[in-house]
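Peer 1: Please read through the structure below; I'll follow up with questions.
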Amino acid sequence: GIGPTLYIIMESDLKSQSQFDIIFKYADDTNVLVPQHTDINMKEEFEAIQLWALNNKLIINVAKTKEIVFRRPNPRYNIDDIIPILGIEQVIEAKLLGVIFNCNLRFCSHLNYILKQCSQRSFLMKQLRSQGLSRKQLNVVFEAIIVSRLRYGLPAWAGFLTKDSVARIDAFLRRMFQYGYCTQCYCVRDLITVCDEQLFQSVVKSSHCLNQLLVKKSVNIPLRPRGHNYVLPCCVFDCYKNSFINRCLFNFV
């Protein structure tokens with residue numbers, strides 16, 4: 001067994017085979033993103049990763065390796081069925097760092113998952129209330145075990161929530177306030193705004209890994225004053241506009 005730092009150093013030479021494909025890593029979690037139009041397909045990318053693992057005396061856990069094909073919600077723009085890689089299960093949902101991604105970029109399963117967790121934790125809040133904790137003390141626990149769960153990874157999936165999903169979260173938060181578990185009635189839109197602002201303030205720093213996704217405006221192009229100096233992207237599809245970076249660029253003008 002090697003430590004996570006040593007593994008990150010070992011994996012630093014693992015690169016994609018195409019300039020269009022992306023490999024993103026977190027500790028020992030490696031993911032390959034292959035767009036629809038590319039010169040190297042997923043099968044070739046996976047074979048290159050297998051060869052890298054073989055050369056570095058590592059074994060890929062094929063049982064935990066999944067393939068997911070993302071499709072636009074509108075079937076008119078969907079691509080044909082893709083033949084799965086031999087020995088790799090092709091799924092419609094996959095969990096990445098605690099967030100459940102669906103093949104059509106809907107997060108209903110993830111929302112059901114976190115609301116179930118929050119409902120289970122609300123039972124603990126009930127037990128603590130019965131033990132005599134004040135509302136102010138309960139609020140501290142509520143923010144620690146429930147609000148923090150809702151906030152986890154929120155910028156990644158908040159832009160894809162439907163009105164019904166937002167209403168479900170708000171209804172749950174209202175119940176928690178009525179039960180006396182918190183000192184204020186939280187609103188999911190407020191949580192999204194706070195999380196977006198906090199993360200975007202970090203992204204605008206040149207040292208942040210997402211800063212490369214921002215394009216600074218040209219000094220020769222006169223534009224009206226706004227809250228940032230970045231070019232607004234041309235968004236044709238809602239899925240693209242609702243993603244974190246683009247959502248922030250349009251909201252924080």
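Labels used: A, B, ... for chains in the order of the structure tokens, numbers from 1 for residues in each chain, and numbers from 1 for ligands as shown.
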I need the strand (DSSP E) residues of range 16-99 of chain A per DSSP on the backbone, written as a list in words.

Peer 2: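 Of range 16-99 of chain A, only Ile22, Ile23, Phe24, Lys25, Tyr26, Asp29, Thr30, Asn31, Val32, Leu33, Lys66, Glu67, Ile68, Glu89, Gln90, Val91, Glu93, Ala94, Lys95, Leu96 and Val99 of chain A fall in strand (DSSP E).
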
Peer 1: Each residue of range 95-158 of chain A lying at most 12 Å from range 225-241 of chain A should get a row with its shortest atom-to-atom pair and the distance in Å to one decimal, counting only C-alpha atoms; could you produce that, ordered by chain and increasing number, as CSV?

Peer 2:
```
residue,atom,partner,partner_atom,distance
A:Asn104,CA,A:Cys239,CA,9.9
A:Leu105,CA,A:Cys239,CA,7.9
A:Arg106,CA,A:Cys239,CA,9.8
A:Ala156,CA,A:Cys239,CA,11.8
A:Trp157,CA,A:Cys239,CA,10.7
A:Ala158,CA,A:Cys239,CA,11.5
```

Peer 1: Atoms to include: N, CA, C and O atoms. Write the selected residues as a JSON list (two decimals), in the first residue's frame.

Peer 2:
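Wrote part33.json, looks like this:
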```
[["chain", "number", "residue", "atom", "x", "y", "z"],
["A", 104, "ASN", "N", -28.73, 11.60, -18.65],
["A", 104, "ASN", "CA", -29.38, 12.75, -19.30],
["A", 104, "ASN", "C", -29.21, 14.03, -18.50],
["A", 104, "ASN", "O", -29.96, 14.99, -18.69],
["A", 105, "LEU", "N", -28.22, 14.04, -17.60],
["A", 105, "LEU", "CA", -27.88, 15.22, -16.80],
["A", 105, "LEU", "C", -29.04, 15.71, -15.94],
["A", 105, "LEU", "O", -29.20, 16.90, -15.72],
["A", 106, "ARG", "N", -29.83, 14.77, -15.46],
["A", 106, "ARG", "CA", -30.84, 15.08, -14.45],
["A", 106, "ARG", "C", -30.35, 14.50, -13.12],
["A", 106, "ARG", "O", -29.72, 13.46, -13.09],
["A", 156, "ALA", "N", -22.25, 22.04, -8.53],
["A", 156, "ALA", "CA", -22.15, 21.12, -9.66],
["A", 156, "ALA", "C", -23.51, 20.71, -10.20],
["A", 156, "ALA", "O", -23.67, 20.52, -11.41],
["A", 157, "TRP", "N", -24.51, 20.58, -9.32],
["A", 157, "TRP", "CA", -25.81, 20.07, -9.77],
["A", 157, "TRP", "C", -26.97, 21.03, -9.56],
["A", 157, "TRP", "O", -28.10, 20.76, -10.01],
["A", 158, "ALA", "N", -26.74, 22.17, -8.93],
["A", 158, "ALA", "CA", -27.83, 23.09, -8.62],
["A", 158, "ALA", "C", -28.49, 23.65, -9.88],
["A", 158, "ALA", "O", -29.72, 23.85, -9.92]]
```

Peer 1: With only C-alpha atoms as the counted atoms, please give the residues lying no more than 9 Å from range 20-37 of chain A, apart from itself and same-chain residues fewer than 2 positions off, as a list in words.

Peer 2: Pro4, Thr5, Tyr7, Ile8, Glu11, Leu14, Lys15, Ser16, Gln17, Ser18, Asp39, Ile40, Asn41, Met42, Glu45, Phe46, Ile79, Leu96 and Leu97 of chain A

Peer 1: Residues of the last selection are to be written out with N, CA and C atoms, as a PDB file, in the first residue's frame.

Peer 2:
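And here is the file that came out, again26.pdb:
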```pdb
ATOM      1  N   PRO A   4      -1.604   8.335  -0.364  1.00  0.00           N
ATOM      2  CA  PRO A   4      -2.278   9.087  -1.440  1.00  0.00           C
ATOM      3  C   PRO A   4      -1.363  10.079  -2.135  1.00  0.00           C
ATOM      4  N   THR A   5      -0.442  10.717  -1.392  1.00  0.00           N
ATOM      5  CA  THR A   5       0.460  11.693  -2.016  1.00  0.00           C
ATOM      6  C   THR A   5       1.383  11.023  -3.022  1.00  0.00           C
ATOM      7  N   TYR A   7       0.830   8.237  -4.579  1.00  0.00           N
ATOM      8  CA  TYR A   7       0.048   7.763  -5.725  1.00  0.00           C
ATOM      9  C   TYR A   7      -0.228   8.911  -6.689  1.00  0.00           C
ATOM     10  N   ILE A   8      -0.539  10.107  -6.162  1.00  0.00           N
ATOM     11  CA  ILE A   8      -0.796  11.262  -7.017  1.00  0.00           C
ATOM     12  C   ILE A   8       0.440  11.588  -7.854  1.00  0.00           C
ATOM     13  N   GLU A  11       0.770   9.022 -10.608  1.00  0.00           N
ATOM     14  CA  GLU A  11      -0.239   9.132 -11.664  1.00  0.00           C
ATOM     15  C   GLU A  11      -0.114  10.423 -12.465  1.00  0.00           C
ATOM     16  N   LEU A  14       0.026  10.197 -16.270  1.00  0.00           N
ATOM     17  CA  LEU A  14      -1.094   9.596 -16.998  1.00  0.00           C
ATOM     18  C   LEU A  14      -1.824  10.693 -17.768  1.00  0.00           C
ATOM     19  N   LYS A  15      -1.710  10.667 -19.089  1.00  0.00           N
ATOM     20  CA  LYS A  15      -2.292  11.702 -19.939  1.00  0.00           C
ATOM     21  C   LYS A  15      -3.277  11.078 -20.925  1.00  0.00           C
ATOM     22  N   SER A  16      -4.187  11.910 -21.450  1.00  0.00           N
ATOM     23  CA  SER A  16      -5.122  11.439 -22.470  1.00  0.00           C
ATOM     24  C   SER A  16      -4.392  11.292 -23.800  1.00  0.00           C
ATOM     25  N   GLN A  17      -4.933  10.464 -24.676  1.00  0.00           N
ATOM     26  CA  GLN A  17      -4.317  10.200 -25.967  1.00  0.00           C
ATOM     27  C   GLN A  17      -4.706  11.234 -27.028  1.00  0.00           C
ATOM     28  N   SER A  18      -5.709  12.044 -26.721  1.00  0.00           N
ATOM     29  CA  SER A  18      -6.198  13.046 -27.665  1.00  0.00           C
ATOM     30  C   SER A  18      -6.326  14.390 -26.973  1.00  0.00           C
ATOM     31  N   ASP A  39     -10.876  12.263 -32.044  1.00  0.00           N
ATOM     32  CA  ASP A  39     -10.092  11.398 -32.929  1.00  0.00           C
ATOM     33  C   ASP A  39      -9.648  10.112 -32.238  1.00  0.00           C
ATOM     34  N   ILE A  40      -9.836  10.036 -30.915  1.00  0.00           N
ATOM     35  CA  ILE A  40      -9.508   8.828 -30.155  1.00  0.00           C
ATOM     36  C   ILE A  40     -10.736   8.438 -29.349  1.00  0.00           C
ATOM     37  N   ASN A  41     -11.256   7.225 -29.575  1.00  0.00           N
ATOM     38  CA  ASN A  41     -12.484   6.834 -28.882  1.00  0.00           C
ATOM     39  C   ASN A  41     -12.182   6.316 -27.473  1.00  0.00           C
ATOM     40  N   MET A  42     -13.262   6.013 -26.750  1.00  0.00           N
ATOM     41  CA  MET A  42     -13.138   5.578 -25.363  1.00  0.00           C
ATOM     42  C   MET A  42     -12.366   4.268 -25.242  1.00  0.00           C
ATOM     43  N   GLU A  45      -8.704   4.948 -25.393  1.00  0.00           N
ATOM     44  CA  GLU A  45      -8.259   5.637 -24.181  1.00  0.00           C
ATOM     45  C   GLU A  45      -8.139   4.655 -23.022  1.00  0.00           C
ATOM     46  N   PHE A  46      -9.096   3.752 -22.900  1.00  0.00           N
ATOM     47  CA  PHE A  46      -9.072   2.787 -21.804  1.00  0.00           C
ATOM     48  C   PHE A  46      -7.908   1.812 -21.972  1.00  0.00           C
ATOM     49  N   ILE A  79     -27.298  10.948 -29.632  1.00  0.00           N
ATOM     50  CA  ILE A  79     -26.486  10.170 -30.559  1.00  0.00           C
ATOM     51  C   ILE A  79     -26.944   8.717 -30.532  1.00  0.00           C
ATOM     52  N   LEU A  96     -19.883   9.999  -8.665  1.00  0.00           N
ATOM     53  CA  LEU A  96     -18.551  10.586  -8.775  1.00  0.00           C
ATOM     54  C   LEU A  96     -18.329  11.516  -7.595  1.00  0.00           C
ATOM     55  N   LEU A  97     -17.435  11.127  -6.690  1.00  0.00           N
ATOM     56  CA  LEU A  97     -17.106  11.922  -5.506  1.00  0.00           C
ATOM     57  C   LEU A  97     -18.359  12.316  -4.723  1.00  0.00           C
TER      58      LEU A  97
END
```

Peer 1: Give the answer as one residue: which of A:Val166, A:Val147, A:Val141, A:Ile114 has the shortest atom-to-atom distance to Gly98 in chain A, using only C-alpha atoms?

Peer 2: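 Distance minimum relative to Gly98 in chain A lands on A:Ile114.
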
Peer 1: Return as a PyMOL selection string the full set of residues in range 63-210 of chain A whose backbone-based DSSP assignment is helix (DSSP H, G or I).

Peer 2: chain A and resi 63-64+75-77+108-130+135-151+154-160+163-178+188-203

Peer 1: Please identify all polymer residues within 12 Å of Ala144 in chain A, counting only C-alpha atoms, omitting same-chain residues fewer than 4 positions from it, and present them as a VMD selection string.

Peer 2: chain A and resid 118 121 to 122 125 137 to 140 148 to 152 181 to 182

Peer 1: Keeping C-alpha atoms for every residue in the selection just given, could you write it to a file as a PDB file, in the first residue's frame?

Peer 2:
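Wrote result-v3.pdb, looks like this:
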```pdb
ATOM      1  CA  CYS A 118     -31.265  14.327   5.589  1.00  0.00           C
ATOM      2  CA  ARG A 121     -30.513  12.723  10.262  1.00  0.00           C
ATOM      3  CA  SER A 122     -33.644  14.643  11.219  1.00  0.00           C
ATOM      4  CA  MET A 125     -32.455  16.160  15.663  1.00  0.00           C
ATOM      5  CA  GLN A 137     -27.975  24.576  20.023  1.00  0.00           C
ATOM      6  CA  LEU A 138     -30.093  22.497  17.654  1.00  0.00           C
ATOM      7  CA  ASN A 139     -29.361  25.010  14.894  1.00  0.00           C
ATOM      8  CA  VAL A 140     -25.619  24.363  15.268  1.00  0.00           C
ATOM      9  CA  SER A 148     -23.720  20.828   5.064  1.00  0.00           C
ATOM     10  CA  ARG A 149     -25.096  17.727   3.310  1.00  0.00           C
ATOM     11  CA  LEU A 150     -27.292  19.856   1.064  1.00  0.00           C
ATOM     12  CA  ARG A 151     -24.381  22.187   0.297  1.00  0.00           C
ATOM     13  CA  TYR A 152     -21.963  19.388  -0.646  1.00  0.00           C
ATOM     14  CA  TYR A 181     -34.528  22.340  14.561  1.00  0.00           C
ATOM     15  CA  CYS A 182     -33.174  25.642  13.179  1.00  0.00           C
TER      16      CYS A 182
END
```

Peer 1: Kindly give the distance, in Å, that separates CA of Leu6 in chain A and CA of Asn56 in chain A, rounded to a single decimal.

Peer 2: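 Pair CA of Leu6 in chain A / CA of Asn56 in chain A returns 12.8 Å.
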
Peer 1: Which of these, A:Val99, A:Ala63, A:Val69, A:Leu199, has the shortest distance to Gly87 in chain A once you count only C-alpha atoms?

Peer 2: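 Closest to Gly87 in chain A, using only C-alpha atoms: A:Ala63.
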
Peer 1: Go through A:Ile145, A:Val203, A:Leu115, A:Leu154 one by one, measure the shortest atom-to-atom distance of each to Asp170 in chain A using only C-alpha atoms, and give the residue with the smallest value.

Peer 2: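 Of A:Ile145, A:Val203, A:Leu115, A:Leu154, the one nearest Asp170 in chain A, counting only C-alpha atoms, is A:Leu115.
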
Peer 1: Hey, which of A:Leu173, A:Val194, A:Cys108, A:Val215 ends up closest to Phe160 in chain A? Count only C-alpha atoms.

Peer 2: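 That would be A:Cys108, the residue with the smallest distance to Phe160 in chain A.
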
Peer 1: What separation in Å, quoted to one decimal, exists between CA of Thr65 in chain A and CA of Cys103 in chain A?

Peer 2: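 Pair CA of Thr65 in chain A / CA of Cys103 in chain A returns 15.9 Å.
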
Peer 1: Determine the nearest neighbour of Ser130 in chain A from the options A:Phe200, A:Phe70, A:Phe250, A:Tyr179, counting only C-alpha atoms.

Peer 2: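 Comparing A:Phe200, A:Phe70, A:Phe250, A:Tyr179 against Ser130 in chain A, the winner is A:Tyr179.
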
Peer 1: Residues at most 10 Å from Gln90 in chain A, counting only C-alpha atoms, excluding those fewer than 4 positions away in the same chain, as a list in words?

Peer 2: Thr65, Lys66, Glu67, Ile68, Val69, Ile82, Ile83, Pro84, Ile85, Leu86 and Ala94 of chain A

Peer 1: Keeping only N, CA and C atoms, take the residues you just selected and write them out as a CSV table (one decimal), in the first residue's frame.

Peer 2:
```csv
chain,number,residue,atom,x,y,z
A,65,THR,N,-15.1,-0.3,-12.4
A,65,THR,CA,-15.0,0.6,-13.5
A,65,THR,C,-16.3,0.6,-14.3
A,66,LYS,N,-16.9,1.8,-14.5
A,66,LYS,CA,-18.2,1.9,-15.2
A,66,LYS,C,-18.1,2.9,-16.4
A,67,GLU,N,-18.9,2.7,-17.3
A,67,GLU,CA,-19.0,3.6,-18.5
A,67,GLU,C,-20.4,4.2,-18.6
A,68,ILE,N,-20.5,5.5,-18.7
A,68,ILE,CA,-21.7,6.2,-18.8
A,68,ILE,C,-21.7,7.1,-20.1
A,69,VAL,N,-22.8,7.1,-20.8
A,69,VAL,CA,-22.9,7.9,-22.0
A,69,VAL,C,-23.9,9.0,-21.7
A,82,ILE,N,-24.0,3.5,-28.2
A,82,ILE,CA,-22.6,3.2,-28.3
A,82,ILE,C,-22.3,1.9,-27.7
A,83,ILE,N,-21.6,1.1,-28.4
A,83,ILE,CA,-21.2,-0.3,-27.9
A,83,ILE,C,-20.3,-0.2,-26.7
A,84,PRO,N,-20.7,-0.8,-25.6
A,84,PRO,CA,-19.8,-0.7,-24.4
A,84,PRO,C,-18.5,-1.4,-24.6
A,85,ILE,N,-17.5,-0.9,-23.8
A,85,ILE,CA,-16.2,-1.5,-23.8
A,85,ILE,C,-16.3,-3.0,-23.3
A,86,LEU,N,-15.6,-3.9,-23.9
A,86,LEU,CA,-15.7,-5.3,-23.5
A,86,LEU,C,-15.2,-5.4,-22.0
A,94,ALA,N,-24.0,7.0,-12.4
A,94,ALA,CA,-22.7,6.8,-11.8
A,94,ALA,C,-22.5,7.8,-10.7
```

Peer 1: Could you tell me how far CA of Arg174 in chain A lies from CA of Cys195 in chain A, in Å and to one decimal?

Peer 2: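 Distance between the two atoms: 20.0 Å.
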